[in-house]
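Accompanying notes for the structure given below.
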Amino acid sequence: MTAEPPVNPVSRFFAVFRYSALAMRIVRDTSLPLTLLMAAATIANGVLPASIAFVGGLFVDAVAGAIAAEDAQALAAARSDALFYVLVEAGLVVLMTGAQRITTVSRSILQVLLGNRVNVMIIEKAMTLELSHFEDAEYYDKLLRARREASSRPLGLVIKTFDLIRDLIALLTIGAWLFQFSPWVVVLLVFTGLPAFVAEAGFSGEAFRIMRRRSPERRLQFYLEMVLTREDGVKEVKLLQLGKLFLQRYVNIFRNIYREDRNLVLRRNFWGYLLGLLSSAAFYFAYGWVGFSAIAGAITIGQMTAYIAQFRLGQNSVSSSLTAVNGMYEDNLYLSTLTEYLEHEVPEPTGDETGGPDPGDGVRFENVSFTYPGAGAPALDNISLHIRPGESLAIVGENGSGKTTLIKLLARLYTPSRGRITLEGLELSRWDIDALRRKIGVIFQDFARYQLLVGENIGIGDVEELDNEPQVREAAGKGMADAFIRNLPDDYRTQLGTWFKDGKELSGGQWQKIALSRAFMRTRADVLILDEPTAAIDARAEAEIFAHFGKLTARRISIIISHRFSTVRMAKHIIVLEQGRIQEQGSHESLLHSSGQYAKLFELQARGYQ
């Protein structure tokens with residue numbers, strides 16, 4: 001896990017720049033012209049306020065000179081000077097207002113562009129992750145933190161960096177003028193802001209630690225909201241009267257979070273108020289000091305006015321710069337979650353082969369075992385089997401016996417803990433991952449119901465043929481979906497799901513036929529896998545579908561996971577999994593004659609149809 005920046009004051013100051021280079025690079029890559037424009041405006045905003053205060057002091061002296069003029073020539077010269085300073089100050093104000101407006105516009109546009117860029121970076125990283133990452137609660141928390149907090153932080157860090165540069169430029173300019181009055185005024189100006197800085201940095205760190213600790217609660221709150229508001233959960237919520245229970249849990253999480261936030265805000269502002277009084281006391285001390293110096297005749301009225309204005313501007317710059325440093329510290333903390341997520345090392349697909357040396361060898365599992373992270377017992381234990389092209393394999397077993405895990409290993413969604421899997425005589429790890437997955441077509445029992453058009457829902461089975469309407473229609477016919485699709489309002493252009501306008505919701509069996517049609521889109525796949533493909537389809541439709549499936553896979557490897565023995569018995573080879581091990585294997589007839597687990601399950605199911 002990425003370490004938090006150090007917490008002692010000196011280390012903290014330098015730690016604020018820890019991720020500035022990363023943030024600057026992201027912002028620069030988002031829009032270089034806007035970044036440069038914002039940088040130029042920042043420099044102008046740093047120099048102009050002090051310059052305006054200096055010119056204002058000269059104007060006051062010119063006015064005082066005009067009042068004290070003893071002849072017409074001196075009066076005219078003083079008036080001319082006063083008019084000049086008024087025009088110069090007005091011009092500087094116009095420039096400063098323009099620089100401030102440029103800064104505002106640049107930030108607003110960059111905010112939109114950067115939010116999209118960071119979200120794209122997060123999604124691109126997610127596309128490289130393995131399935132196990134999404135099943136890991138701790139890593140999923142990292143993903144949620146990156147999405148929730150870090151998308152706006154790079155720009156925030158760059159803005160605060162520019163603000164700090166602006167304030168440092170202003171302080172150097174102001175310090176140079178105040179030094180002429182007294183070096184101790186400069187010391188007073190800088191050090192009266194430090195207590196507030198130290199306190200605020202402590203609260204920033206506490207807020208970040210609270211945020212990290214809350215990730216599981218936030219995820220649960222998000223889940224409860226999703227269950228209560230999405231159509232796929234609302235049926236059971238209403239029938240089981242779960243609404244009040246889930247809503248109360250949602251509210252309880254909010255109350256815990258609110259209570260902690262409220263206490264932090266109260267403490268943060270209480271100390272901010274007390275330490276702010278120290279800054280005010282320093283200002284009025286300097287205010288009196290400059291004023292009495294003017295009374296004593298050490299400085300002019302104009303200089304007094306300029307020094308007081310400069311000190312006030314200086315205090316604002318000190319306060320703003322320390323706030324920027326604290327903000328940068330906080331942004332660094334939050335940006336660490338984005339960096340932690342983006343820099344997470346994902347094992348790169350090591351293979352670059354696009355074909356095996358022996359296409360006729362098919363698929364082999366050689367002493368394959370796999371254990372899920374954190375699990376005590378293996379999901380698969382010492383599995384060995386061989387499936388040649390043109391052969392069909394059926395896998396049966398109770399829930400949790402390892403059927404779907406075996407398929408995920410073949411699709412290289414997981415890597416075996418022990419043993420090896422080969423396709424065409426080549427170990428899966430040596431295959432180019434895209435080439436491998438083009439060789440395999442899989443429809444899982446928990447297939448996705450995409451909120452897309454009907455044709456797209458089927459066509460994504462082979463993305464390269466997404467717009468090939470004849471092939472989409474052919475696949476729909478093989479999946480038994482064409483009959484009901486033709487009765488939909490817009491045929492293959494009908495929007496499915498309820499998220500978008502005029503969306504059409506399908507029955508469970510109709511969705512399953514859509515998913516099966518996706519599998520039939522994979523005309524170039526050498527291995528076709530159906531995981532519980534007909535659970536929501538009637539027996540007659542199932543028989544017709546597998547007649548099509550048998551023709552489609554005549555020269556391919558076909559693997560079927562099913563609880564229906566009317567489906568299983570069609571396979572040439574059957575294996576029975578129990579607790580991750582192969583207990584029996586053989587043809588339907590041979591397994592019946594052996595009177596083992598398969599025969600018992602077949603008899604139980606057959607008895608249900610009598």
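Ligands are numbered from 1 in the order shown, chains are lettered A, B, ... in the order of the structure tokens, and residues start at 1 in each chain.
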
- prompt: Can you list, as number ranges by chain, every protein, DNA or RNA residue that comes within 10 Å of Phe246 of chain A when you count only C-alpha atoms, leaving out same-chain residues fewer than 5 positions away?
  reply: A: 221, 223-225, 227-228, 237, 241, 251-252

Counting only C-alpha atoms, which residues in segment 306-355 of chain A sit no more than 10 Å from segment 289-297 of chain A? For each one, give the nearest pair of atoms and the distance in Å, sorted by chain then residue number, as a tab-separated table.
```
residue	atom	partner	partner_atom	distance
A:Ala306	CA	A:Val290	CA	10.0
A:Tyr307	CA	A:Val290	CA	7.2
A:Ile308	CA	A:Val290	CA	7.0
A:Phe311	CA	A:Val290	CA	9.9
```

message: With only C-alpha atoms as the counted atoms, please give the residues lying no more than 8 Å from Ala379 of chain A, apart from itself and same-chain residues fewer than 6 positions off, as a list in words.
response: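 Answer for this query is Ser369, Phe370, Thr371, Tyr372, Gly400, Ser401, Gly402, Thr405, Gln579 and Gly580 of chain A.
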
Would you kindly return, as a CSV table (one decimal) with C-alpha atoms, in the first residue's frame, each protein, DNA or RNA residue with an atom no farther than 7 Å from any atom of Ser317 of chain A, considering only C-alpha atoms and excluding same-chain residues fewer than 4 positions away?
```csv
chain,number,residue,atom,x,y,z
A,167,ASP,CA,1.5,33.8,-3.5
A,170,ALA,CA,3.4,38.3,-4.3
A,171,LEU,CA,5.3,37.7,-1.0
A,313,LEU,CA,-2.0,41.8,1.1
A,321,SER,CA,0.0,30.1,0.5
```

- request: Could you tell me how far atom CA of Leu338 of chain A lies from atom CA of Asn116 of chain A, in Å and to one decimal?
  value: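 Distance between the two atoms: 14.3 Å.
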
Could you give me, as a PDB file with N, CA, C and O atoms, in the first residue's frame, the residues within 10 Å of Ser590 of chain A, counting only C-alpha atoms and dropping anything in the same chain fewer than 4 positions from it?
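The resulting file, result.pdb, is shown below:
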```
ATOM      1  N   HIS A 573     -18.599 -37.104 -24.085  1.00  0.00           N
ATOM      2  CA  HIS A 573     -17.884 -37.416 -22.860  1.00  0.00           C
ATOM      3  C   HIS A 573     -18.476 -36.587 -21.723  1.00  0.00           C
ATOM      4  O   HIS A 573     -18.784 -35.403 -21.902  1.00  0.00           O
ATOM      5  N   ILE A 574     -18.621 -37.203 -20.558  1.00  0.00           N
ATOM      6  CA  ILE A 574     -19.231 -36.537 -19.403  1.00  0.00           C
ATOM      7  C   ILE A 574     -18.295 -36.699 -18.215  1.00  0.00           C
ATOM      8  O   ILE A 574     -17.746 -37.786 -17.989  1.00  0.00           O
ATOM      9  N   GLN A 585     -16.171 -40.257 -14.949  1.00  0.00           N
ATOM     10  CA  GLN A 585     -16.172 -39.737 -16.315  1.00  0.00           C
ATOM     11  C   GLN A 585     -16.398 -40.881 -17.288  1.00  0.00           C
ATOM     12  O   GLN A 585     -16.098 -42.036 -17.000  1.00  0.00           O
ATOM     13  N   GLY A 586     -16.970 -40.506 -18.429  1.00  0.00           N
ATOM     14  CA  GLY A 586     -17.283 -41.502 -19.439  1.00  0.00           C
ATOM     15  C   GLY A 586     -18.467 -41.049 -20.271  1.00  0.00           C
ATOM     16  O   GLY A 586     -18.931 -39.903 -20.163  1.00  0.00           O
ATOM     17  N   SER A 594     -22.313 -47.933 -14.544  1.00  0.00           N
ATOM     18  CA  SER A 594     -21.422 -47.992 -13.384  1.00  0.00           C
ATOM     19  C   SER A 594     -22.162 -47.780 -12.069  1.00  0.00           C
ATOM     20  O   SER A 594     -21.614 -48.021 -10.990  1.00  0.00           O
ATOM     21  N   SER A 595     -23.407 -47.306 -12.166  1.00  0.00           N
ATOM     22  CA  SER A 595     -24.275 -47.128 -10.977  1.00  0.00           C
ATOM     23  C   SER A 595     -23.628 -46.229  -9.912  1.00  0.00           C
ATOM     24  O   SER A 595     -23.761 -46.459  -8.714  1.00  0.00           O
ATOM     25  N   ALA A 599     -25.427 -41.947 -12.188  1.00  0.00           N
ATOM     26  CA  ALA A 599     -26.622 -42.778 -12.347  1.00  0.00           C
ATOM     27  C   ALA A 599     -27.681 -42.402 -11.315  1.00  0.00           C
ATOM     28  O   ALA A 599     -28.880 -42.351 -11.630  1.00  0.00           O
TER      29      ALA A 599
END
```

task: Just the strand (DSSP E) stuff from segment 230-449 of chain A, please, per backbone DSSP, written as a PyMOL selection string.
output: chain A and resi 363-370+380-387+392-397+418-423+426-427+440-443

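Here the question is which of A:Ile159, A:Leu528, A:Leu143, A:Ala82 gets nearest to Gly390 of chain A using only C-alpha atoms, and that residue is A:Leu528.
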
Near Ser587 of chain A, counting only C-alpha atoms, which residues have an atom at most 12 Å away, once you skip same-chain residues fewer than 2 positions from it, shown as an mmCIF file with C-alpha atoms, in the first residue's frame?
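Everything below was put into around_37.cif:
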```
data_model
loop_
_atom_site.group_PDB
_atom_site.id
_atom_site.type_symbol
_atom_site.label_atom_id
_atom_site.label_comp_id
_atom_site.auth_asym_id
_atom_site.auth_seq_id
_atom_site.Cartn_x
_atom_site.Cartn_y
_atom_site.Cartn_z
ATOM 1 C CA GLU A 391 -15.682 -33.804 -29.293
ATOM 2 C CA SER A 392 -18.317 -32.575 -26.870
ATOM 3 C CA LEU A 393 -17.837 -32.516 -23.113
ATOM 4 C CA ALA A 394 -20.579 -32.170 -20.495
ATOM 5 C CA ILE A 395 -19.784 -31.235 -16.913
ATOM 6 C CA VAL A 568 -25.963 -33.746 -20.824
ATOM 7 C CA ARG A 569 -26.637 -37.111 -22.427
ATOM 8 C CA MET A 570 -26.011 -35.573 -25.889
ATOM 9 C CA ALA A 571 -22.323 -35.098 -25.064
ATOM 10 C CA LYS A 572 -19.745 -37.633 -26.163
ATOM 11 C CA HIS A 573 -17.884 -37.416 -22.860
ATOM 12 C CA ILE A 574 -19.231 -36.537 -19.403
ATOM 13 C CA ILE A 575 -17.362 -35.729 -16.212
ATOM 14 C CA VAL A 576 -18.878 -35.559 -12.741
ATOM 15 C CA GLU A 584 -16.577 -40.127 -12.584
ATOM 16 C CA GLN A 585 -16.172 -39.737 -16.315
ATOM 17 C CA GLU A 589 -24.317 -45.182 -21.162
ATOM 18 C CA SER A 590 -21.122 -46.184 -19.390
ATOM 19 C CA LEU A 591 -21.876 -43.893 -16.436
ATOM 20 C CA LEU A 592 -25.375 -45.357 -16.095
ATOM 21 C CA HIS A 593 -23.971 -48.885 -16.067
ATOM 22 C CA SER A 594 -21.422 -47.992 -13.384
ATOM 23 C CA TYR A 598 -24.193 -39.874 -12.168
ATOM 24 C CA ALA A 599 -26.622 -42.778 -12.347
#
```

Selected residue, from A:Glu427, A:Glu465, A:Asp163, A:Glu89, that lies nearest to Gly46 of chain A when counting only C-alpha atoms: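 The closest residue to Gly46 of chain A is A:Asp163.
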
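With only C-alpha atoms as the atoms that count, the residue of A:Trp431, A:Ile52, A:Ala77, A:Pro33 with the shortest distance to Ser106 of chain A is A:Pro33.
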